[in-house]
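S.K.: Structure below; questions to follow.
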Amino acid sequence: MPNLRHKLAVLADAAKYDASCASSGSSRKGKAGELGNTNKIGICHSYTPDGRCVSLLKILLTNHCIYDCQYCVNRVSSDVPRERFSVEEVVYLTMEFYRRNYIEGLFLSSGIIQSVDYTMGQLVAVAKTLRTREGYNGYVHLKTVPAASPELLAEAGKWADRLSANIELPTQVDLDRFAPEKKIADVADTMSTVAEKIAEAKVEKRKFTSAPAYAPAGQSTQMIVGASPSFDATILSTASALYSKHRLRRVYYSAFSPFPKADSRLPQQAAPLVREHRLYQADWLMRFYHFDAKELTTPEQPNLDLTIDPKLSWALRFRDLFPVDINKASPARLLRVPGLGKRNVDRIVAARRFRSIRLADLAKLRISLAKVRPWITTADHNPHTRLLDRQDLRSAILQKPQQLELFPAAVTAVTGEI
């Protein structure tokens, strides 16, 4: 099927810029007479050198689009090769790839064709056909189209494990500049509708175990980093608001990469991947470590520090809050200590019920003493807290990430371990 192979090459490549294709959180058990299942721990992804995910069939229904978003290679004014799958072709590819163990699920997005509702209807038709006609019980992620009708969104969540509506840029000012057809209000309304449906389905499920699920893996979104001049502070503030208002499962960050014949207003160099990485770290701190978005940057430095992680950057700005007593501090305070993760904090809290924690105990818990010693006190003597008084603490950390000297050019331990 040469024509189908060509479509697959074009539309799989066109989908590589969408990072929001994770699959964790769903749970569809295998059923007699049906094919596939999903797992709460999610699908383990692997990526080709050009960024494509090979454990999900990650494709666009079409890369034709009536919008002219300047940051998108598939915009209407672009001269890229155009292709379009039919509903039946996507169903065929999904089933055949799954049977051959090439994939574990489907991630389906699309350019906007004819109208918002027409496009959304085509995406829903794929998922519905897979579930009802083919008996496919594996993972399906559908990209919702902002401003689609509530009826279509309700239908989409009935057949898909996860839904996502990409906000793309963090402010309406950014969208007005690069994607004037898109409105953040439309994306927010779509997210709100999906969030309400998810909440309603959970309530019904608690009342009746046979009640149908609605997007059991939740919803997500994506923001492009570096296409617009917005600072990290703005990006994190927008992400925090989306988590709070719409109970998103994840916000994904995708570093902008220039492409041929792009708008001259767009950056000519790719956004550094380390910036994307720092945003993910900051996002993790907001979701699991009780950090507020406003704590992670400052008005003087609205972008995250690319040389150190956001938690260490915060600790260096607020070193007056340290050292933290490992044996007395609350779990929330322990989570703010550089080098302590959630799992280690849980272990420390459990262990200190039976004995006072010493540095040797932290080593047994496989905690990096080099990272945590300047920031904590334990039941035994820890002279490394004096490092907090050094003006060059940040420089010392950057120069020697594995070992900090208590006094410059001085050996302070017989063992050499600091």
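Please note that chains go A, B, ... in the order of the structure tokens, that every chain numbers its residues from 1, and that ligands are numbered from 1 in the order shown.
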Would you mind listing what lies within 8 Å of range 6-14 of chain A as a list in words, with only C-alpha atoms counted and same-chain residues fewer than 4 positions away left out?

M.R.: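 In the requested form, the answer reads Pro2, Arg52, Lys58, Ile59, Leu60, Leu61, Thr62, Asn63, Val73, Asn74, Pro81, Arg82, Glu83, Arg84 and Phe85 of chain A.
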
S.K.: Emit the selected residues as an mmCIF file, in the first residue's frame, including C-alpha atoms.

M.R.:
data_model
loop_
_atom_site.group_PDB
_atom_site.id
_atom_site.type_symbol
_atom_site.label_atom_id
_atom_site.label_comp_id
_atom_site.auth_asym_id
_atom_site.auth_seq_id
_atom_site.Cartn_x
_atom_site.Cartn_y
_atom_site.Cartn_z
ATOM 1 C CA PRO A 2 2.454 2.673 -1.209
ATOM 2 C CA ARG A 52 8.688 10.443 17.260
ATOM 3 C CA LYS A 58 1.422 9.097 17.051
ATOM 4 C CA ILE A 59 -0.109 10.688 13.963
ATOM 5 C CA LEU A 60 -2.236 13.507 12.636
ATOM 6 C CA LEU A 61 -5.512 12.723 10.928
ATOM 7 C CA THR A 62 -4.427 15.424 8.491
ATOM 8 C CA ASN A 63 -1.844 18.186 8.290
ATOM 9 C CA VAL A 73 4.937 23.952 10.457
ATOM 10 C CA ASN A 74 1.463 22.784 9.320
ATOM 11 C CA PRO A 81 3.505 18.276 1.643
ATOM 12 C CA ARG A 82 -0.131 17.700 2.631
ATOM 13 C CA GLU A 83 -1.872 14.413 3.332
ATOM 14 C CA ARG A 84 -5.027 13.199 4.994
ATOM 15 C CA PHE A 85 -6.052 9.872 6.471
#

S.K.: List the neighbours of range 107-114 of chain A out to 10 Å using only C-alpha atoms; skip same-chain residues closer than 2 positions along the sequence, and give me the result as number ranges by chain.

M.R.: A: 11-12, 14-15, 18, 20-23, 53, 55-67, 74-76, 84-85, 90, 94, 105, 116-120, 122-124, 126-127, 139-145, 160, 162-165

S.K.: What would the file look like if the residues just selected were written as a compact mmCIF listing (two decimals), in the first residue's frame with N, CA and C atoms?

M.R.:
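part-v3.txt, written as the output of this step:
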# COMPACT_ATOMS: atom_id res chain seq x y z
N LEU A 11 2.36 12.16 7.96
CA LEU A 11 1.52 12.53 9.10
C LEU A 11 2.09 12.09 10.44
N ALA A 12 2.97 11.09 10.44
CA ALA A 12 3.69 10.76 11.66
C ALA A 12 4.76 11.81 11.93
N ALA A 14 4.61 14.90 10.95
CA ALA A 14 3.92 16.15 11.30
C ALA A 14 3.48 16.16 12.76
N ALA A 15 3.34 14.97 13.37
CA ALA A 15 2.88 14.89 14.76
C ALA A 15 4.01 14.94 15.78
N ASP A 18 4.28 17.47 18.95
CA ASP A 18 3.38 17.42 20.10
C ASP A 18 3.97 16.51 21.16
N SER A 20 2.70 16.10 24.30
CA SER A 20 1.74 15.69 25.33
C SER A 20 1.10 14.36 24.99
N CYS A 21 1.94 13.31 24.92
CA CYS A 21 1.41 12.01 24.52
C CYS A 21 1.63 10.94 25.58
N ALA A 22 1.77 11.33 26.85
CA ALA A 22 1.93 10.33 27.90
C ALA A 22 0.63 9.59 28.12
N SER A 23 0.72 8.40 28.75
CA SER A 23 -0.46 7.56 28.83
C SER A 23 -0.78 7.08 30.24
N CYS A 53 7.46 9.20 18.90
CA CYS A 53 7.23 8.16 19.91
C CYS A 53 6.82 6.87 19.20
N SER A 55 6.13 3.80 20.75
CA SER A 55 5.26 2.88 21.47
C SER A 55 3.80 3.27 21.33
N LEU A 56 3.54 4.50 20.90
CA LEU A 56 2.21 4.91 20.50
C LEU A 56 2.23 5.21 19.00
N LEU A 57 1.18 4.85 18.32
CA LEU A 57 1.03 5.32 16.94
C LEU A 57 0.64 6.79 17.04
N LYS A 58 1.59 7.66 16.83
CA LYS A 58 1.42 9.10 17.05
C LYS A 58 1.33 9.79 15.71
N ILE A 59 0.12 10.16 15.31
CA ILE A 59 -0.11 10.69 13.96
C ILE A 59 -1.14 11.81 13.98
N LEU A 60 -1.16 12.56 12.90
CA LEU A 60 -2.24 13.51 12.64
C LEU A 60 -3.24 12.85 11.69
N LEU A 61 -4.51 13.15 11.89
CA LEU A 61 -5.51 12.72 10.93
C LEU A 61 -5.25 13.41 9.60
N THR A 62 -4.84 14.68 9.67
CA THR A 62 -4.43 15.42 8.49
C THR A 62 -3.54 16.58 8.92
N ASN A 63 -2.63 16.98 8.02
CA ASN A 63 -1.84 18.19 8.29
C ASN A 63 -2.34 19.37 7.45
N HIS A 64 -3.46 19.20 6.77
CA HIS A 64 -4.17 20.36 6.23
C HIS A 64 -4.72 21.16 7.41
N CYS A 65 -4.72 22.48 7.30
CA CYS A 65 -5.24 23.29 8.40
C CYS A 65 -5.70 24.64 7.88
N ILE A 66 -6.82 25.11 8.40
CA ILE A 66 -7.34 26.40 7.98
C ILE A 66 -6.76 27.55 8.82
N TYR A 67 -6.01 27.21 9.88
CA TYR A 67 -5.41 28.23 10.73
C TYR A 67 -4.00 28.57 10.22
N ASN A 74 2.62 23.21 10.12
CA ASN A 74 1.46 22.78 9.32
C ASN A 74 0.46 23.91 9.07
N ARG A 75 0.84 25.15 9.33
CA ARG A 75 -0.07 26.28 9.14
C ARG A 75 -0.51 26.37 7.68
N VAL A 76 -1.60 27.05 7.43
CA VAL A 76 -2.18 27.09 6.09
C VAL A 76 -1.23 27.73 5.07
N ARG A 84 -3.90 13.38 4.09
CA ARG A 84 -5.03 13.20 4.99
C ARG A 84 -5.40 11.73 5.05
N PHE A 85 -5.53 11.22 6.27
CA PHE A 85 -6.05 9.87 6.47
C PHE A 85 -7.58 9.91 6.47
N VAL A 90 -6.98 5.15 9.57
CA VAL A 90 -6.42 5.22 10.92
C VAL A 90 -6.80 3.99 11.72
N THR A 94 -4.01 1.32 13.16
CA THR A 94 -3.96 1.06 14.61
C THR A 94 -4.07 -0.43 14.91
N GLY A 105 -0.68 1.75 21.75
CA GLY A 105 -1.84 2.63 21.80
C GLY A 105 -1.78 3.66 20.68
N VAL A 116 -14.35 23.44 13.14
CA VAL A 116 -13.93 22.84 14.41
C VAL A 116 -14.71 21.56 14.68
N ASP A 117 -16.03 21.61 14.56
CA ASP A 117 -16.85 20.45 14.88
C ASP A 117 -16.65 19.31 13.89
N TYR A 118 -16.43 19.65 12.62
CA TYR A 118 -16.20 18.58 11.65
C TYR A 118 -14.92 17.82 12.01
N THR A 119 -13.86 18.56 12.34
CA THR A 119 -12.59 17.93 12.69
C THR A 119 -12.74 17.08 13.94
N MET A 120 -13.40 17.64 14.96
CA MET A 120 -13.59 16.90 16.19
C MET A 120 -14.42 15.64 15.94
N GLN A 122 -14.49 13.84 13.23
CA GLN A 122 -13.65 12.83 12.59
C GLN A 122 -12.78 12.11 13.62
N LEU A 123 -12.21 12.86 14.56
CA LEU A 123 -11.38 12.25 15.61
C LEU A 123 -12.21 11.30 16.47
N VAL A 124 -13.40 11.73 16.83
CA VAL A 124 -14.28 10.89 17.64
C VAL A 124 -14.66 9.63 16.87
N VAL A 126 -12.95 7.92 14.77
CA VAL A 126 -11.86 6.95 14.83
C VAL A 126 -11.94 6.16 16.13
N ALA A 127 -12.00 6.88 17.26
CA ALA A 127 -12.02 6.21 18.56
C ALA A 127 -13.26 5.33 18.71
N TYR A 139 -5.04 1.68 24.64
CA TYR A 139 -4.98 3.10 24.97
C TYR A 139 -5.29 3.98 23.77
N VAL A 140 -6.11 5.01 23.99
CA VAL A 140 -6.41 6.01 22.96
C VAL A 140 -6.33 7.39 23.58
N HIS A 141 -5.55 8.26 22.96
CA HIS A 141 -5.44 9.65 23.37
C HIS A 141 -5.91 10.51 22.21
N LEU A 142 -6.93 11.31 22.42
CA LEU A 142 -7.44 12.20 21.39
C LEU A 142 -7.11 13.64 21.73
N LYS A 143 -6.65 14.38 20.74
CA LYS A 143 -6.45 15.81 20.89
C LYS A 143 -7.78 16.50 20.60
N THR A 144 -8.34 17.16 21.60
CA THR A 144 -9.59 17.86 21.39
C THR A 144 -9.34 19.18 20.66
N VAL A 145 -10.37 19.64 19.97
CA VAL A 145 -10.27 20.89 19.22
C VAL A 145 -10.96 21.98 20.03
N ALA A 160 -12.18 7.73 24.53
CA ALA A 160 -10.73 7.95 24.71
C ALA A 160 -10.33 7.79 26.16
N ARG A 162 -7.52 9.46 27.33
CA ARG A 162 -7.08 10.81 27.71
C ARG A 162 -7.45 11.79 26.61
N LEU A 163 -7.81 13.00 27.04
CA LEU A 163 -8.08 14.10 26.13
C LEU A 163 -7.10 15.23 26.42
N SER A 164 -6.79 16.01 25.41
CA SER A 164 -5.91 17.15 25.64
C SER A 164 -6.26 18.27 24.67
N ALA A 165 -6.20 19.49 25.18
CA ALA A 165 -6.41 20.69 24.36
C ALA A 165 -5.18 21.57 24.55

S.K.: Between CA of Thr221 in chain A and CA of Thr171 in chain A, what is the distance in Å, rounded to a tenth?

M.R.: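 These two atoms are separated by 14.2 Å.
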
S.K.: Could you check the closest approach to Leu387 in chain A for each of A:Asp325, A:Arg247, A:Arg319, A:Leu340 and tell me which residue wins, using only C-alpha atoms?

M.R.: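 Of A:Asp325, A:Arg247, A:Arg319, A:Leu340, the one nearest Leu387 in chain A, counting only C-alpha atoms, is A:Arg319.
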
S.K.: Please, which residues of range 7-249 of chain A, numbered as in this document, come out strand (DSSP E) from DSSP, as a ChimeraX atom specification?

M.R.: /A:56-60,105-109,139-143,162-164,219-225

S.K.: Go ahead and dump the residues you just picked, N, CA and C atoms, as a CSV table (one decimal), in the first residue's frame.

M.R.:
chain,number,residue,atom,x,y,z
A,56,LEU,N,3.5,4.5,20.9
A,56,LEU,CA,2.2,4.9,20.5
A,56,LEU,C,2.2,5.2,19.0
A,57,LEU,N,1.2,4.9,18.3
A,57,LEU,CA,1.0,5.3,16.9
A,57,LEU,C,0.6,6.8,17.0
A,58,LYS,N,1.6,7.7,16.8
A,58,LYS,CA,1.4,9.1,17.1
A,58,LYS,C,1.3,9.8,15.7
A,59,ILE,N,0.1,10.2,15.3
A,59,ILE,CA,-0.1,10.7,14.0
A,59,ILE,C,-1.1,11.8,14.0
A,60,LEU,N,-1.2,12.6,12.9
A,60,LEU,CA,-2.2,13.5,12.6
A,60,LEU,C,-3.2,12.9,11.7
A,105,GLY,N,-0.7,1.7,21.8
A,105,GLY,CA,-1.8,2.6,21.8
A,105,GLY,C,-1.8,3.7,20.7
A,106,LEU,N,-2.8,4.5,20.7
A,106,LEU,CA,-2.9,5.5,19.6
A,106,LEU,C,-3.0,6.9,20.2
A,107,PHE,N,-2.2,7.8,19.6
A,107,PHE,CA,-2.3,9.2,19.9
A,107,PHE,C,-2.7,9.9,18.6
A,108,LEU,N,-3.8,10.5,18.6
A,108,LEU,CA,-4.4,11.1,17.4
A,108,LEU,C,-4.7,12.6,17.5
A,109,SER,N,-4.1,13.4,16.7
A,109,SER,CA,-4.4,14.8,16.6
A,109,SER,C,-4.7,15.1,15.2
A,139,TYR,N,-5.0,1.7,24.6
A,139,TYR,CA,-5.0,3.1,25.0
A,139,TYR,C,-5.3,4.0,23.8
A,140,VAL,N,-6.1,5.0,24.0
A,140,VAL,CA,-6.4,6.0,23.0
A,140,VAL,C,-6.3,7.4,23.6
A,141,HIS,N,-5.5,8.3,23.0
A,141,HIS,CA,-5.4,9.7,23.4
A,141,HIS,C,-5.9,10.5,22.2
A,142,LEU,N,-6.9,11.3,22.4
A,142,LEU,CA,-7.4,12.2,21.4
A,142,LEU,C,-7.1,13.6,21.7
A,143,LYS,N,-6.6,14.4,20.7
A,143,LYS,CA,-6.4,15.8,20.9
A,143,LYS,C,-7.8,16.5,20.6
A,162,ARG,N,-7.5,9.5,27.3
A,162,ARG,CA,-7.1,10.8,27.7
A,162,ARG,C,-7.5,11.8,26.6
A,163,LEU,N,-7.8,13.0,27.0
A,163,LEU,CA,-8.1,14.1,26.1
A,163,LEU,C,-7.1,15.2,26.4
A,164,SER,N,-6.8,16.0,25.4
A,164,SER,CA,-5.9,17.2,25.6
A,164,SER,C,-6.3,18.3,24.7
A,219,GLN,N,-6.9,14.8,31.5
A,219,GLN,CA,-6.6,15.7,30.4
A,219,GLN,C,-5.3,16.4,30.6
A,220,SER,N,-4.7,16.8,29.5
A,220,SER,CA,-3.4,17.5,29.6
A,220,SER,C,-3.4,18.6,28.5
A,221,THR,N,-2.3,19.3,28.5
A,221,THR,CA,-2.1,20.4,27.5
A,221,THR,C,-0.6,20.6,27.3
A,222,GLN,N,-0.3,21.5,26.3
A,222,GLN,CA,1.1,21.7,26.0
A,222,GLN,C,1.3,23.2,25.7
A,223,MET,N,2.5,23.7,26.2
A,223,MET,CA,2.9,25.0,25.9
A,223,MET,C,4.3,25.0,25.1
A,224,ILE,N,4.4,25.8,24.1
A,224,ILE,CA,5.6,25.9,23.4
A,224,ILE,C,6.5,26.9,24.1
A,225,VAL,N,7.8,26.5,24.3
A,225,VAL,CA,8.7,27.4,25.1
A,225,VAL,C,9.7,28.0,24.1

S.K.: Please report the interatomic distance between CA of Arg278 in chain A and CA of Lys261 in chain A in Å with one decimal.

M.R.: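 For CA of Arg278 in chain A relative to CA of Lys261 in chain A, the distance reads 29.2 Å.
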
S.K.: Rounded to one decimal in Å, what is the spacing between CA of Ser244 in chain A and CA of Arg287 in chain A?

M.R.: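 About the pair CA of Ser244 in chain A and CA of Arg287 in chain A: they are 10.1 Å apart.
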
S.K.: Can you list, as a ChimeraX atom specification, every protein, DNA or RNA residue that comes within 9 Å of Ala125 in chain A when you count only C-alpha atoms, leaving out same-chain residues fewer than 5 positions away?

M.R.: /A:87,120,130,156

S.K.: For the selection you just gave me, I'd like the residues written to a file as a compact mmCIF listing (two decimals), in the first residue's frame, keeping N, CA and C atoms.

M.R.:
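Here's the written file again.txt:
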# COMPACT_ATOMS: atom_id res chain seq x y z
N VAL A 87 -10.94 7.99 8.18
CA VAL A 87 -11.20 7.33 9.46
C VAL A 87 -10.82 5.86 9.36
N MET A 120 -13.40 17.64 14.96
CA MET A 120 -13.59 16.90 16.19
C MET A 120 -14.42 15.64 15.94
N LEU A 130 -12.90 2.12 16.64
CA LEU A 130 -11.97 1.20 17.28
C LEU A 130 -12.63 0.45 18.43
N ALA A 156 -16.23 12.21 22.87
CA ALA A 156 -14.79 11.92 22.82
C ALA A 156 -14.31 11.24 24.10

S.K.: Between A:Val91, A:Val80, A:Leu4, A:Ala241, which has the minimum distance to Met286 in chain A (counting only C-alpha atoms)?

M.R.: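 Of A:Val91, A:Val80, A:Leu4, A:Ala241, the one nearest Met286 in chain A, counting only C-alpha atoms, is A:Ala241.
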